[in-house]
Amino acid sequence: MARRAIVAANWKMNGDLALVDTMVSGLLSIELQENVNVVICPSSPYLSAFAVKSKVDELNAAISIGAQNVSEHKSGAFTGEISTQMLQELSVEFVIIGHSERRSYYKETSTQIAHKVSAALNAGLTPILCIGESEAERATEQTKTVLSSQLQPVIDEVGIEKFIDVVIAYEPVWAIGTGKTASSEMAQETHQFIRHFLAQANEIVAVKVPLLYGGSVNASNCEELFAQADIDGGLIGGASLQVEQFKIICSAAKGK
Ligand code: PGA
């Protein structure tokens, strides 16, 4: 099997300690297919509680914890920021980097995002690098240009060989939280483009990188999306706050 599948829950600024409890309890009975990892990314204040509860309850080792952001700096006077080392102390293994909400509301640039991916990799954390075009960019046929311009600075900074430890999440901005999902054909076509783009730099690495789809994935559309040749799971926002729905999504994923 060439590639593992990953289903990552992006809670964003939602959830509470009660959700940490019900999610860990719910995941105790989850049935995952072969070669699948589940990553729960709660808000930072709940990372510790999630880590403790999953350890006490002896949660399946295929289920990991992720953060939603990380600083590109090691330490110092960066009020409000969280370092890679802090995340590691909390048993965090994955980190979402470059989510479109970070790019648009907090003005994160592709260069800064490349620094963050580099910091994460150097610390042994797996980055979930988010890329995606806006509705206007898709309408004016700029999708491929936008995705290339989001990927290239990261490839330039860390080197394509390091992408063996990177997960990419393709999230069309117009599909995030809107209920508008890309059709499975449209998502597959874009994922295929991303894999080809990586393959131009290194074919062996390109085959191994899990490419997740994100944007209004739910229990009804996940199966069709995950069945596509280049879709290796999903980054799930709204539907990851509902334990039963999230479990259905996780169970639909399968390594390829
Ligand atoms: P959504 O969010 O599933 O609510 O559309 C996905 C994301 O932003 O990661």
# chains A, B, ... in the order shown; residues from 1 in each chain; ligands from 1

$ select_by_dssp --residues "region 34-191 of chain A" --states "strand (DSSP E or B)" --output "PyMOL selection string"
chain A and resi 36-41+63-67+94-97+126-131+167-170

$ residues_around --residues "region 107-124 of chain A" --least-positions-apart "5" --cutoff "8 Å" --atoms "only C-alpha atoms" --output "count of residues only"
21

$ closest_residue --among "A:Ala2, A:Ile30, A:Leu211, A:Leu225" --to "Ile168 (chain A)" --atoms "only C-alpha atoms"
A:Leu211

$ closest_atom_pairs --of "chain A" --to "ligand 1" --cutoff "9 Å" --atoms "only C-alpha atoms and all ligand atoms" --output "tab-separated table"
residue	atom	partner	partner_atom_place_in_ligand_line	distance
A:Ala8	CA	ligand 1	9 (O)	8.5
A:Ala9	CA	ligand 1	9 (O)	7.6
A:Asn10	CA	ligand 1	9 (O)	5.5
A:Trp11	CA	ligand 1	9 (O)	8.2
A:Lys12	CA	ligand 1	8 (O)	7.8
A:His99	CA	ligand 1	8 (O)	7.1
A:Ser100	CA	ligand 1	8 (O)	7.5
A:Glu101	CA	ligand 1	8 (O)	7.6
A:Cys130	CA	ligand 1	9 (O)	8.4
A:Ala169	CA	ligand 1	9 (O)	8.4
A:Glu171	CA	ligand 1	7 (C)	7.0
A:Val173	CA	ligand 1	8 (O)	8.1
A:Trp174	CA	ligand 1	5 (O)	8.9
A:Ala175	CA	ligand 1	5 (O)	5.9
A:Ile176	CA	ligand 1	5 (O)	3.4
A:Gly177	CA	ligand 1	5 (O)	3.5
A:Thr178	CA	ligand 1	5 (O)	6.3
A:Gly179	CA	ligand 1	5 (O)	6.8
A:Lys180	CA	ligand 1	5 (O)	8.2
A:Thr181	CA	ligand 1	5 (O)	8.1
A:Tyr213	CA	ligand 1	6 (C)	8.8
A:Gly214	CA	ligand 1	6 (C)	5.1
A:Gly215	CA	ligand 1	5 (O)	3.7
A:Ser216	CA	ligand 1	5 (O)	3.6
A:Val217	CA	ligand 1	3 (O)	5.2
A:Asn218	CA	ligand 1	3 (O)	7.3
A:Gly234	CA	ligand 1	9 (O)	8.6
A:Leu235	CA	ligand 1	9 (O)	5.1
A:Ile236	CA	ligand 1	3 (O)	4.2
A:Gly237	CA	ligand 1	3 (O)	3.4
A:Gly238	CA	ligand 1	4 (O)	3.8
A:Ala239	CA	ligand 1	3 (O)	6.1
A:Ser240	CA	ligand 1	3 (O)	7.5

$ residues_around --residues "region 34-37 of chain A" --least-positions-apart "5" --cutoff "9 Å" --atoms "only C-alpha atoms" --output "number ranges by chain"
A: 1, 3-8, 61-64, 233, 250-251, 253-256

$ select_by_dssp --residues "region 32-220 of chain A" --states "alpha helix (DSSP H)" --output "count of residues only"
80

$ residues_around --residues "Ala201 (chain A)" --least-positions-apart "6" --cutoff "9 Å" --atoms "only C-alpha atoms" --output "PyMOL selection string"
chain A and resi 155+160-161

$ residues_around --residues "Pro45 (chain A)" --least-positions-apart "6" --cutoff "12 Å" --atoms "only C-alpha atoms" --output "count of residues only"
13

$ residues_around --residues "region 22-27 of chain A" --least-positions-apart "2" --cutoff "9 Å" --atoms "only C-alpha atoms" --output "PyMOL selection string"
chain A and resi 17-20+29-31+50+53-54+57+59-60+63+241-244+247

$ write_last_selection --atoms "C-alpha atoms" --output "compact mmCIF listing (two decimals), in the first residue's frame"
# COMPACT_ATOMS: atom_id res chain seq x y z
CA LEU A 17 -14.06 20.24 27.64
CA ALA A 18 -17.35 18.36 27.32
CA LEU A 19 -16.65 17.77 23.60
CA VAL A 20 -13.15 16.51 24.46
CA SER A 29 -15.50 2.20 19.61
CA ILE A 30 -14.37 3.43 16.20
CA GLU A 31 -13.71 0.91 13.43
CA PHE A 50 -7.37 15.65 24.94
CA LYS A 53 -8.02 11.68 28.34
CA SER A 54 -6.84 9.71 25.32
CA ASP A 57 -8.77 5.77 28.11
CA LEU A 59 -7.36 5.38 22.73
CA ASN A 60 -6.42 3.51 19.54
CA ILE A 63 -5.69 8.42 16.63
CA LEU A 241 -17.92 18.58 16.05
CA GLN A 242 -20.58 15.86 15.88
CA VAL A 243 -19.09 12.67 17.21
CA GLU A 244 -21.34 10.16 15.42
CA LYS A 247 -17.00 8.54 13.13

$ closest_residue --among "A:Tyr106, A:Phe163, A:Phe94, A:Tyr170" --to "Ala199 (chain A)" --atoms "only C-alpha atoms"
A:Phe163

$ residues_around --residues "Glu135 (chain A)" --least-positions-apart "2" --cutoff "8 Å" --atoms "only C-alpha atoms" --output "number ranges by chain"
A: 133, 137-139, 172-174

$ closest_residue --among "A:Pro210, A:Ala49, A:Ala187, A:Phe78" --to "Ile65 (chain A)" --atoms "only C-alpha atoms"
A:Ala49
